[in-house]
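Text of the file upload_24.tsv, holding TSV, C-alpha atoms (C1' of nucleotides):
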```tsv
chain	number	residue	atom	x	y	z
A	1	MET	CA	91.14	93.41	72.11
A	2	ARG	CA	94.79	94.37	71.93
A	3	PHE	CA	96.71	96.46	74.37
A	4	TYR	CA	99.69	98.72	73.93
A	5	PRO	CA	102.12	100.29	76.38
A	6	LEU	CA	101.22	103.64	77.87
A	7	PRO	CA	102.92	106.53	76.02
A	8	ARG	CA	105.95	108.35	77.34
A	9	SER	CA	103.86	111.47	77.89
A	10	PHE	CA	101.98	109.62	80.64
A	11	PHE	CA	105.18	109.38	82.66
A	12	SER	CA	106.56	112.81	81.83
A	13	ARG	CA	104.74	114.41	84.77
A	14	ASP	CA	104.88	114.83	88.52
A	15	PRO	CA	105.32	111.40	90.21
A	16	ARG	CA	102.32	112.06	92.48
A	17	ARG	CA	100.05	112.47	89.48
A	18	VAL	CA	101.54	109.44	87.75
A	19	ALA	CA	101.24	107.36	90.92
A	20	ARG	CA	97.56	108.10	91.35
A	21	GLU	CA	96.81	107.38	87.69
A	22	LEU	CA	98.81	104.15	87.67
A	23	LEU	CA	96.31	102.59	90.08
A	24	GLY	CA	94.12	100.25	88.06
A	25	LYS	CA	96.62	100.08	85.17
A	26	ALA	CA	98.54	96.84	84.63
A	27	VAL	CA	102.08	95.54	84.45
A	28	VAL	CA	102.50	93.19	81.49
A	29	ARG	CA	105.49	90.88	81.30
A	30	PHE	CA	106.41	88.69	78.32
A	31	ARG	CA	108.65	85.91	79.55
A	32	LYS	CA	109.46	82.45	78.29
A	33	LYS	CA	106.66	82.61	75.71
A	34	LYS	CA	104.16	83.36	78.45
A	35	ILE	CA	102.32	86.55	79.30
A	36	LEU	CA	102.14	87.64	82.93
A	37	VAL	CA	99.68	90.37	83.88
A	38	GLY	CA	99.00	92.12	87.17
A	39	ARG	CA	96.74	95.04	88.03
A	40	ILE	CA	98.50	97.81	89.94
A	41	VAL	CA	96.83	98.25	93.34
A	42	GLU	CA	99.57	99.96	95.39
A	43	VAL	CA	102.27	102.48	94.46
A	44	GLU	CA	104.48	105.12	96.05
A	45	ALA	CA	105.69	108.41	94.59
A	46	TYR	CA	109.34	109.37	95.01
A	47	LEU	CA	110.29	112.90	94.09
A	48	GLY	CA	113.64	114.38	93.16
A	49	LYS	CA	115.82	116.70	95.13
A	50	GLY	CA	113.95	117.80	98.22
A	51	ASP	CA	112.61	114.31	98.95
A	52	PRO	CA	115.10	112.86	101.46
A	53	ALA	CA	113.61	109.37	101.12
A	54	ALA	CA	114.22	109.26	97.37
A	55	HIS	CA	117.29	107.66	95.84
A	56	ALA	CA	117.60	110.72	93.65
A	57	ALA	CA	117.93	113.09	96.61
A	58	ALA	CA	121.74	113.15	96.60
A	59	GLY	CA	122.07	113.69	92.86
A	60	VAL	CA	123.18	111.38	90.06
A	61	THR	CA	125.07	108.20	91.02
A	62	ALA	CA	125.87	105.00	89.14
A	63	ARG	CA	122.84	103.30	90.70
A	64	ASN	CA	120.18	105.97	90.23
A	65	ARG	CA	121.11	107.50	86.89
A	66	VAL	CA	117.99	106.04	85.24
A	67	LEU	CA	115.92	108.39	87.39
A	68	PHE	CA	117.51	111.38	85.68
A	69	GLY	CA	117.02	109.98	82.19
A	70	PRO	CA	113.91	110.03	80.02
A	71	PRO	CA	110.54	109.11	81.58
A	72	GLY	CA	108.93	105.71	81.15
A	73	HIS	CA	112.02	103.66	81.93
A	74	ALA	CA	112.34	100.91	84.53
A	75	TYR	CA	114.48	101.68	87.57
A	76	VAL	CA	115.25	98.36	89.27
A	77	TYR	CA	117.41	98.24	92.37
A	78	PHE	CA	118.60	95.53	94.75
A	79	ILE	CA	117.76	95.92	98.42
A	80	TYR	CA	118.39	94.14	101.74
A	81	GLY	CA	120.76	91.73	100.08
A	82	GLN	CA	118.00	89.73	98.41
A	83	HIS	CA	115.14	91.67	96.85
A	84	PHE	CA	114.51	93.72	93.73
A	85	CYS	CA	112.11	96.65	93.49
A	86	LEU	CA	110.51	98.00	90.29
A	87	ASN	CA	110.03	101.70	89.65
A	88	VAL	CA	109.15	103.68	86.55
A	89	SER	CA	110.96	106.95	85.93
A	90	CYS	CA	108.85	110.09	85.74
A	91	GLN	CA	109.35	113.76	84.84
A	92	PRO	CA	111.03	115.11	81.68
A	93	GLU	CA	114.64	114.05	81.07
A	94	GLY	CA	117.06	115.71	83.48
A	95	LYS	CA	114.51	115.96	86.27
A	96	ALA	CA	114.36	113.05	88.72
A	97	GLY	CA	111.28	111.29	90.05
A	98	CYS	CA	109.69	107.86	89.93
A	99	VAL	CA	106.87	105.63	91.08
A	100	LEU	CA	107.56	102.43	93.02
A	101	ILE	CA	105.21	99.58	92.12
A	102	ARG	CA	104.40	97.95	95.46
A	103	ALA	CA	101.64	95.44	94.78
A	104	LEU	CA	99.66	93.83	91.96
A	105	GLU	CA	96.48	91.81	91.66
A	106	PRO	CA	97.57	88.84	89.54
A	107	LEU	CA	95.37	88.54	86.44
A	108	ALA	CA	97.21	86.17	84.09
A	109	GLY	CA	100.10	83.75	84.30
A	110	LEU	CA	99.39	82.74	87.89
A	111	GLU	CA	101.00	79.32	87.48
A	112	GLU	CA	104.18	80.89	86.10
A	113	MET	CA	104.25	83.38	88.94
A	114	ALA	CA	103.79	80.67	91.57
A	115	ARG	CA	106.66	78.71	90.08
A	116	ALA	CA	108.92	81.78	90.03
A	117	ARG	CA	108.02	82.48	93.65
A	118	GLY	CA	108.71	78.93	94.73
A	119	LEU	CA	105.08	78.44	95.75
A	120	ARG	CA	104.26	75.22	93.98
A	121	ALA	CA	100.59	74.52	94.41
A	122	LYS	CA	99.99	71.29	96.31
A	123	ASP	CA	96.44	70.70	95.14
A	124	GLY	CA	96.72	72.52	91.85
A	125	LYS	CA	95.37	75.76	93.28
A	126	VAL	CA	97.43	78.92	93.55
A	127	ALA	CA	97.46	81.07	96.69
A	128	SER	CA	97.16	84.32	94.74
A	129	LYS	CA	97.52	86.57	97.78
A	130	ARG	CA	101.19	85.69	98.28
A	131	LEU	CA	102.15	86.08	94.63
A	132	THR	CA	102.55	89.79	93.98
A	133	THR	CA	101.60	91.64	97.20
A	134	GLY	CA	104.84	93.48	97.88
A	135	PRO	CA	107.57	95.10	95.78
A	136	GLY	CA	110.03	92.24	96.21
A	137	ARG	CA	107.40	89.59	95.64
A	138	LEU	CA	106.09	91.03	92.39
A	139	CYS	CA	109.59	91.28	90.96
A	140	GLN	CA	110.26	87.66	91.85
A	141	ALA	CA	106.90	86.57	90.41
A	142	MET	CA	107.60	88.34	87.11
A	143	GLY	CA	111.30	87.56	86.92
A	144	ILE	CA	112.27	91.22	87.15
A	145	THR	CA	115.94	91.78	88.03
A	146	ARG	CA	118.32	94.66	87.83
A	147	ALA	CA	120.60	92.93	85.32
A	148	ARG	CA	117.68	92.10	83.07
A	149	ASP	CA	115.43	95.14	83.37
A	150	ASN	CA	117.11	98.24	84.82
A	151	GLY	CA	116.93	101.05	82.27
A	152	LYS	CA	114.40	99.24	80.06
A	153	ASP	CA	111.95	101.42	78.14
A	154	VAL	CA	108.49	100.31	79.26
A	155	THR	CA	106.77	102.42	76.59
A	156	TRP	CA	108.50	100.63	73.72
A	157	GLU	CA	106.29	98.15	71.91
A	158	ASP	CA	109.13	95.64	71.45
A	159	SER	CA	109.95	95.65	75.16
A	160	ASP	CA	109.07	92.59	77.25
A	161	LEU	CA	107.87	94.84	80.08
A	162	TRP	CA	104.91	97.16	79.62
A	163	ILE	CA	102.53	99.30	81.59
A	164	VAL	CA	99.09	99.20	79.94
A	165	ASP	CA	95.63	100.69	80.39
A	166	LEU	CA	93.05	97.95	80.88
A	167	ARG	CA	90.23	100.48	81.23
A	168	PHE	CA	89.67	99.41	84.82
A	169	ARG	CA	87.87	102.02	86.90
A	170	PRO	CA	89.20	102.38	90.45
A	171	ARG	CA	86.43	102.69	93.00
A	172	ARG	CA	88.20	104.33	95.90
A	173	ILE	CA	91.77	105.59	96.14
A	174	ARG	CA	93.41	106.17	99.52
A	175	ARG	CA	96.64	107.94	100.42
A	176	THR	CA	98.93	106.97	103.30
A	177	PRO	CA	102.53	107.58	104.33
A	178	ARG	CA	105.14	105.55	102.49
A	179	ILE	CA	106.26	102.18	103.87
A	180	GLY	CA	109.71	101.14	105.05
A	181	ILE	CA	111.34	104.56	105.05
A	182	ARG	CA	112.62	106.68	107.92
A	183	GLN	CA	112.73	110.07	106.26
A	184	ALA	CA	109.75	112.17	105.22
A	185	THR	CA	107.22	109.79	106.77
A	186	ALA	CA	104.62	112.52	107.24
A	187	GLU	CA	103.78	113.03	103.59
A	188	LYS	CA	101.09	110.78	102.15
A	189	LEU	CA	102.79	109.58	98.98
A	190	ARG	CA	101.58	105.96	99.03
A	191	TYR	CA	98.49	105.38	96.91
A	192	ILE	CA	96.34	102.28	97.23
A	193	LEU	CA	93.14	100.90	95.76
A	194	ALA	CA	91.13	100.83	98.98
A	195	GLU	CA	88.85	98.07	97.74
A	196	SER	CA	91.64	95.71	96.73
A	197	GLU	CA	92.52	92.53	98.63
A	198	PHE	CA	96.01	92.61	97.15
A	199	VAL	CA	97.49	95.62	98.94
A	200	SER	CA	100.63	94.89	101.01
A	201	GLY	CA	101.20	95.86	104.62
B	202	DA	C1'	96.41	88.41	115.49
B	203	DT	C1'	100.95	91.31	115.95
B	204	DA	C1'	106.05	91.43	116.99
B	205	DT	C1'	110.69	90.58	116.31
B	206	DC	C1'	114.59	88.98	113.84
B	207	DG	C1'	117.98	87.16	110.42
B	208	DA	C1'	119.34	86.92	105.64
B	209	DT	C1'	122.80	89.06	102.45
B	210	DT	C1'	124.95	92.66	99.31
B	211	DA	C1'	125.16	97.12	96.68
B	212	DT	C1'	125.91	101.54	97.85
B	213	DC	C1'	127.49	105.43	100.13
B	214	DT	C1'	130.06	107.73	104.30
C	215	DG	C1'	131.50	100.10	108.50
C	216	DA	C1'	126.49	101.23	108.49
C	217	DT	C1'	122.49	101.25	106.21
C	218	DA	C1'	118.58	99.91	103.26
C	219	DA	C1'	111.81	101.94	99.19
C	220	DT	C1'	111.86	93.65	102.06
C	221	DC	C1'	110.47	89.04	103.05
C	222	DG	C1'	109.70	84.78	105.45
C	223	DA	C1'	110.23	82.33	109.60
C	224	DT	C1'	109.54	82.03	114.33
C	225	DA	C1'	107.65	83.37	118.70
C	226	DT	C1'	104.05	84.89	121.55
C	227	DG	C1'	98.97	86.67	122.87
```
For this file, write the structure as structure tokens.
Amino acid sequence: MRFYPLPRSFFSRDPRRVARELLGKAVVRFRKKKILVGRIVEVEAYLGKGDPAAHAAAGVTARNRVLFGPPGHAYVYFIYGQHFCLNVSCQPEGKAGCVLIRALEPLAGLEEMARARGLRAKDGKVASKRLTTGPGRLCQAMGITRARDNGKDVTWEDSDLWIVDLRFRPRRIRRTPRIGIRQATAEKLRYILAESEFVSG
DNA sequence: ATATCGATTATCT
DNA sequence: GATAATCGATATG
């Protein structure tokens, strides 16, 4: 069975809708002749103007301009001096919004991920829980950086970064407030697969 | 088990 | 100059 990236129309909608539907989908990364795959188990929706916690809240800047471009593009930013975070732009071009990918269940390329994370297995086994449970961790595991991936079209078949539908059926989806922010903490814009062992926090 | 803290830099005030 | 959509280490119950 072959898989293809989700179409742009999937992302050209409200980030809350996209966030919910991204649960159970997968991030696919082609890197150094290897394929890395992780099931999305935790995401957060960030809206446009009117969402004080969103990078897009203050309008277009050099950093966030991808958010105002066409949907289905990677928005990668550097945070706390040492981590990258992966988002996918949503909404039609001109209207900001995105979904932050916060945690994955590693499905393929575990050895590559462990190496990228600096978690060399001592006995040959990989501690999968530490690989991709967290936005910074999953970027490190998949080699996602701002220089390499910011602005990349994740719906393009020739891209080395895809979001695909693996036909996985989520059992139970839960909503909670977003993590690590100080504004707009009341709204439940974090979506998690309740049954997953790979949710962060 | 939870709590606190330092790292380190792009970005914005 | 302050802050940040985080992580890993260390300390303590």
Compute the chain A side of the contact with chain C at 8 Å, counting all atoms listed in the file, and hand it back as a ChimeraX atom specification. /A:53-54,79-80,83,85,100,135-136,179-181
Keeping only C-alpha atoms, write those residues as an mmCIF file, in the coordinates of the input.
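Written output follows (out.cif):
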```cif
data_model
loop_
_atom_site.group_PDB
_atom_site.id
_atom_site.type_symbol
_atom_site.label_atom_id
_atom_site.label_comp_id
_atom_site.auth_asym_id
_atom_site.auth_seq_id
_atom_site.Cartn_x
_atom_site.Cartn_y
_atom_site.Cartn_z
ATOM 1 C CA ALA A 53 113.610 109.370 101.120
ATOM 2 C CA ALA A 54 114.220 109.260 97.370
ATOM 3 C CA ILE A 79 117.760 95.920 98.420
ATOM 4 C CA TYR A 80 118.390 94.140 101.740
ATOM 5 C CA HIS A 83 115.140 91.670 96.850
ATOM 6 C CA CYS A 85 112.110 96.650 93.490
ATOM 7 C CA LEU A 100 107.560 102.430 93.020
ATOM 8 C CA PRO A 135 107.570 95.100 95.780
ATOM 9 C CA GLY A 136 110.030 92.240 96.210
ATOM 10 C CA ILE A 179 106.260 102.180 103.870
ATOM 11 C CA GLY A 180 109.710 101.140 105.050
ATOM 12 C CA ILE A 181 111.340 104.560 105.050
#
```
Go through chain A residue by residue and, counting all atoms listed in the file, keep those with an atom at most 10 Å from chain B; for each kept residue give the shortest atom pair and its distance in Å to one decimal, ordered by chain and increasing number, as JSON lines.
```
{"residue": "A:Thr61", "atom": "CA", "partner": "B:DT212", "partner_atom": "C1'", "distance": 9.6}
{"residue": "A:Ala62", "atom": "CA", "partner": "B:DT212", "partner_atom": "C1'", "distance": 9.4}
{"residue": "A:Arg63", "atom": "CA", "partner": "B:DT212", "partner_atom": "C1'", "distance": 8.0}
{"residue": "A:Tyr77", "atom": "CA", "partner": "B:DA211", "partner_atom": "C1'", "distance": 8.9}
{"residue": "A:Phe78", "atom": "CA", "partner": "B:DA211", "partner_atom": "C1'", "distance": 7.0}
{"residue": "A:Ile79", "atom": "CA", "partner": "B:DA211", "partner_atom": "C1'", "distance": 7.7}
{"residue": "A:Tyr80", "atom": "CA", "partner": "B:DT209", "partner_atom": "C1'", "distance": 6.8}
{"residue": "A:Gly81", "atom": "CA", "partner": "B:DT209", "partner_atom": "C1'", "distance": 4.1}
{"residue": "A:Gln82", "atom": "CA", "partner": "B:DT209", "partner_atom": "C1'", "distance": 6.3}
{"residue": "A:His83", "atom": "CA", "partner": "B:DT209", "partner_atom": "C1'", "distance": 9.8}
```
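When CA of Leu67 in chain A is paired with CA of Ala96 in chain A, their separation reads 5.1 Å.
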Counting all atoms listed in the file, the residue of A:Lys25, A:Arg146, A:Arg20, A:Arg115 that sits nearest Arg174 in chain A: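 Of all the options, A:Arg20 lies closest to Arg174 in chain A.
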Calculate how many Å separate CA of Val99 in chain A from CA of Arg167 in chain A, rounding to one decimal.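 Separating CA of Val99 in chain A from CA of Arg167 in chain A is a distance of 20.0 Å.
Note that CA of Thr185 in chain A and CA of Ser9 in chain A are 29.1 Å apart.
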For Asp153 in chain A: contacts at 9 Å, only C-alpha atoms (C1' of nucleotides), fewer than 4 positions along chain excluded, given as a PyMOL selection string: chain A and resi 71-74+149+159+161-162
Please write the residues from the selection above to a file, keeping C-alpha atoms, as a short mmCIF file (atom, residue, chain, number, x, y, z; two decimals), keeping the file's coordinate frame.
```
data_model
loop_
_atom_site.label_atom_id
_atom_site.label_comp_id
_atom_site.auth_asym_id
_atom_site.auth_seq_id
_atom_site.Cartn_x
_atom_site.Cartn_y
_atom_site.Cartn_z
CA PRO A 71 110.54 109.11 81.58
CA GLY A 72 108.93 105.71 81.15
CA HIS A 73 112.02 103.66 81.93
CA ALA A 74 112.34 100.91 84.53
CA ASP A 149 115.43 95.14 83.37
CA SER A 159 109.95 95.65 75.16
CA LEU A 161 107.87 94.84 80.08
CA TRP A 162 104.91 97.16 79.62
#
```
Once 3 Å is added on each side, what centre and edge lengths in Å to one decimal does the axis-aligned box around all listed atoms of range 218-225 of chain C have, as AutoDock Vina command-line options?
```
--center_x 113.1 --center_y 92.0 --center_z 108.9 --size_x 16.9 --size_y 25.9 --size_z 25.5
```
